[in-house]
Structure formats: structure tokens, C-alpha cells
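Colleague: Before we start, here is the structure in question, set down as C-alpha cells.
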Amino acid sequence: MKWIIGILINALLFLAFAGYFEGFHVSSFGAAVGASIVLYIINMLVRPLLIVLTLPVTVLSLGLFLFVINACTLLMTDAVMGDKFDISGFGLALLIAIIMSIVNLIIHKTILEPKKRK
């Protein structure tokens with residue numbers, strides 16, 4: 001159930017980013033949900049391999065290189081989705097990855113985590 005909530009949160013974030021950033025385009029809510037599912041699959045399959053391969057750089061950058069890995073997974077999602085989901089460049093993907101990480105952290109800590117404690 002938690003992964004469905006995460007997919008829907010990411011889909012809503014994609015729609016919000018499409019309205020805010022000029023170089024980011026999502027054609028519909030269905031495309032946003034599809035892109036969120038593709039991103040979830042890429043994060044399950046490819047992201048762990050990227051983290052292991054870039055571990056020395058990640059350690060030297062004190063974990064900040066993980067944002068670069070997240071940006072790469074967003075660009076991979078862009079490549080899989082085609083015209084329905086479009087990110088104009090790496091810089092925008094990096095900015096979106098940073099914002100998504102912060103927003104997801106806030107949502108999980110304020111909305112999802114307090115329900116566990118009760």
C-alpha cells in the first residue's frame with residue numbers, strides 16, 4: 001500500500017513540476033502515473049547497481065552524488081516514456097531530483113511516519 005501512495009505522490013509532483021518548469025512536460029495524469037511507475041521500476045532495478053558502481057564518489061561527496069544518480073534515473077524514465085514525459089536537460093533533471101527528494105522526505109516524515117507511531 002505504501003508503494004502505491006509513493007507512486008501517486010510522485011505523479012502529483014510530476015504534474016506540479018510540469019506546471020512550474022518550462023523544460024519539463026507531462027502530457028496527462030495517466031502519463032504522470034506511468035512515468036512514476038517506470039521510475040519506481042528503474043529505482044528498483046538500476047539504481048542499486050549505479051550506487052554500487054559510484055560508491056567511492058558518493059562517499060567522497062558525503063552522499064550528494066546520490067542526487068546525480070536520481071537525476072540519471074529521471075532521464076532514463078524520460079527515455080522510456082517518450083513524448084508523454086519530457087525533461088529538457090540534465091540540469092533540470094538534477095533540480096527536480098533534489099526537490100523530489102526533499103518533498104518526499106517531508107511527506108514521509110510528516111504524513112506517513114506519524115501513523116506508524118500511534
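Within each chain, counting starts at residue 1; across the C-alpha cells, chains are named A, B, ... in the order shown, with ligands numbered 1 upward in that order.
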Identify, on the basis of only C-alpha atoms, every residue whose closest approach to A:Thr77 does not exceed 12 Å; exclude the query and any residue fewer than 4 positions from it along the same chain; express the result as a PDB file with C-alpha atoms, in the first residue's frame.
Modeller:
ATOM      1  CA  PHE A  14       5.448  15.434 -11.842  1.00  0.00           C
ATOM      2  CA  VAL A  26       3.899  15.706 -18.842  1.00  0.00           C
ATOM      3  CA  ALA A  31       1.341   9.749 -18.275  1.00  0.00           C
ATOM      4  CA  ALA A  32       2.452  11.065 -14.869  1.00  0.00           C
ATOM      5  CA  VAL A  33       1.317   7.837 -13.179  1.00  0.00           C
ATOM      6  CA  GLY A  34       3.015   5.786 -15.913  1.00  0.00           C
ATOM      7  CA  ALA A  35       6.234   7.764 -15.516  1.00  0.00           C
ATOM      8  CA  SER A  36       6.042   7.292 -11.766  1.00  0.00           C
ATOM      9  CA  ILE A  37       5.678   3.522 -12.203  1.00  0.00           C
ATOM     10  CA  VAL A  38       8.592   3.441 -14.666  1.00  0.00           C
ATOM     11  CA  LEU A  39      10.699   5.488 -12.232  1.00  0.00           C
ATOM     12  CA  TYR A  40       9.782   3.048  -9.441  1.00  0.00           C
ATOM     13  CA  ILE A  41      10.903   0.083 -11.564  1.00  0.00           C
ATOM     14  CA  ILE A  42      14.140   1.809 -12.594  1.00  0.00           C
ATOM     15  CA  ASN A  43      14.824   2.675  -8.948  1.00  0.00           C
ATOM     16  CA  VAL A  46      19.089   0.041 -11.968  1.00  0.00           C
ATOM     17  CA  ASN A  70      18.445  10.290  -9.073  1.00  0.00           C
ATOM     18  CA  ALA A  71      18.739  12.729 -11.980  1.00  0.00           C
ATOM     19  CA  CYS A  72      20.062   9.910 -14.176  1.00  0.00           C
ATOM     20  CA  THR A  73      17.093   7.723 -13.257  1.00  0.00           C
ATOM     21  CA  MET A  81       8.310   7.259 -21.702  1.00  0.00           C
ATOM     22  CA  GLY A  82       8.971   9.081 -24.978  1.00  0.00           C
ATOM     23  CA  ASP A  83       6.885  12.161 -25.833  1.00  0.00           C
ATOM     24  CA  LYS A  84       4.466  11.811 -22.918  1.00  0.00           C
ATOM     25  CA  PHE A  85       7.134  12.733 -20.369  1.00  0.00           C
ATOM     26  CA  ASP A  86       9.966  15.089 -21.300  1.00  0.00           C
ATOM     27  CA  ILE A  87      12.846  16.671 -19.385  1.00  0.00           C
ATOM     28  CA  ALA A  93      16.656  16.730 -14.018  1.00  0.00           C
TER      29      ALA A  93
END
Colleague: Could you please write out, as number ranges by chain, every residue of chain A that DSSP assigns to alpha helix (DSSP H)?
Modeller: A: 2-20, 29-45, 47-53, 55-60, 65-81, 90-107, 113-117
Colleague: Can you tell me, as a VMD selection string, what residues are no more than 12 Å from stretch 104-111 of chain A when counting only C-alpha atoms, ignoring any on the same chain fewer than 4 positions away?
Modeller: chain A and resid 2 to 3 5 to 13 96 to 100 115 to 117
Colleague: Can you measure atom CA of A:Ser61 to atom CA of A:Ser101 for me? One decimal in Å is fine.
Modeller: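 Those two atoms sit 17.0 Å apart.
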Colleague: What lies within 12 Å of A:Ile51 using only C-alpha atoms, ignoring chain neighbours under 4 positions off, as number ranges by chain?
Modeller: A: 43-47, 55-59, 63-70, 72-73
Colleague: Write down as a count of residues only the residues of chain A whose backbone DSSP state falls under strand (DSSP E).
Modeller: 6
Colleague: Would you mind telling me which residue in A:Ser28, A:Ala16, A:Pro48, A:Val80 lies nearest to A:Val103 when using only C-alpha atoms?
Modeller: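 Distance minimum relative to A:Val103 lands on A:Ala16.
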Colleague: How many Å lie between atom CA of A:Phe21 and atom CA of A:Leu50, rounded to one decimal?
Modeller: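 We find that atom CA of A:Phe21 and atom CA of A:Leu50 lie 27.1 Å from each other.
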Colleague: Give me, please, the distance in Å between atom CA of A:Phe90 and atom CA of A:Leu15, quoted to one decimal.
Modeller: 18.7 Å
Colleague: From the set A:Met76, A:Ile102, A:Leu112, A:Leu53, which residue has the shortest atom-to-atom contact distance to A:Met1, counting only C-alpha atoms?
Modeller: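 Residue with the minimum atom-to-atom distance to A:Met1: A:Leu112.
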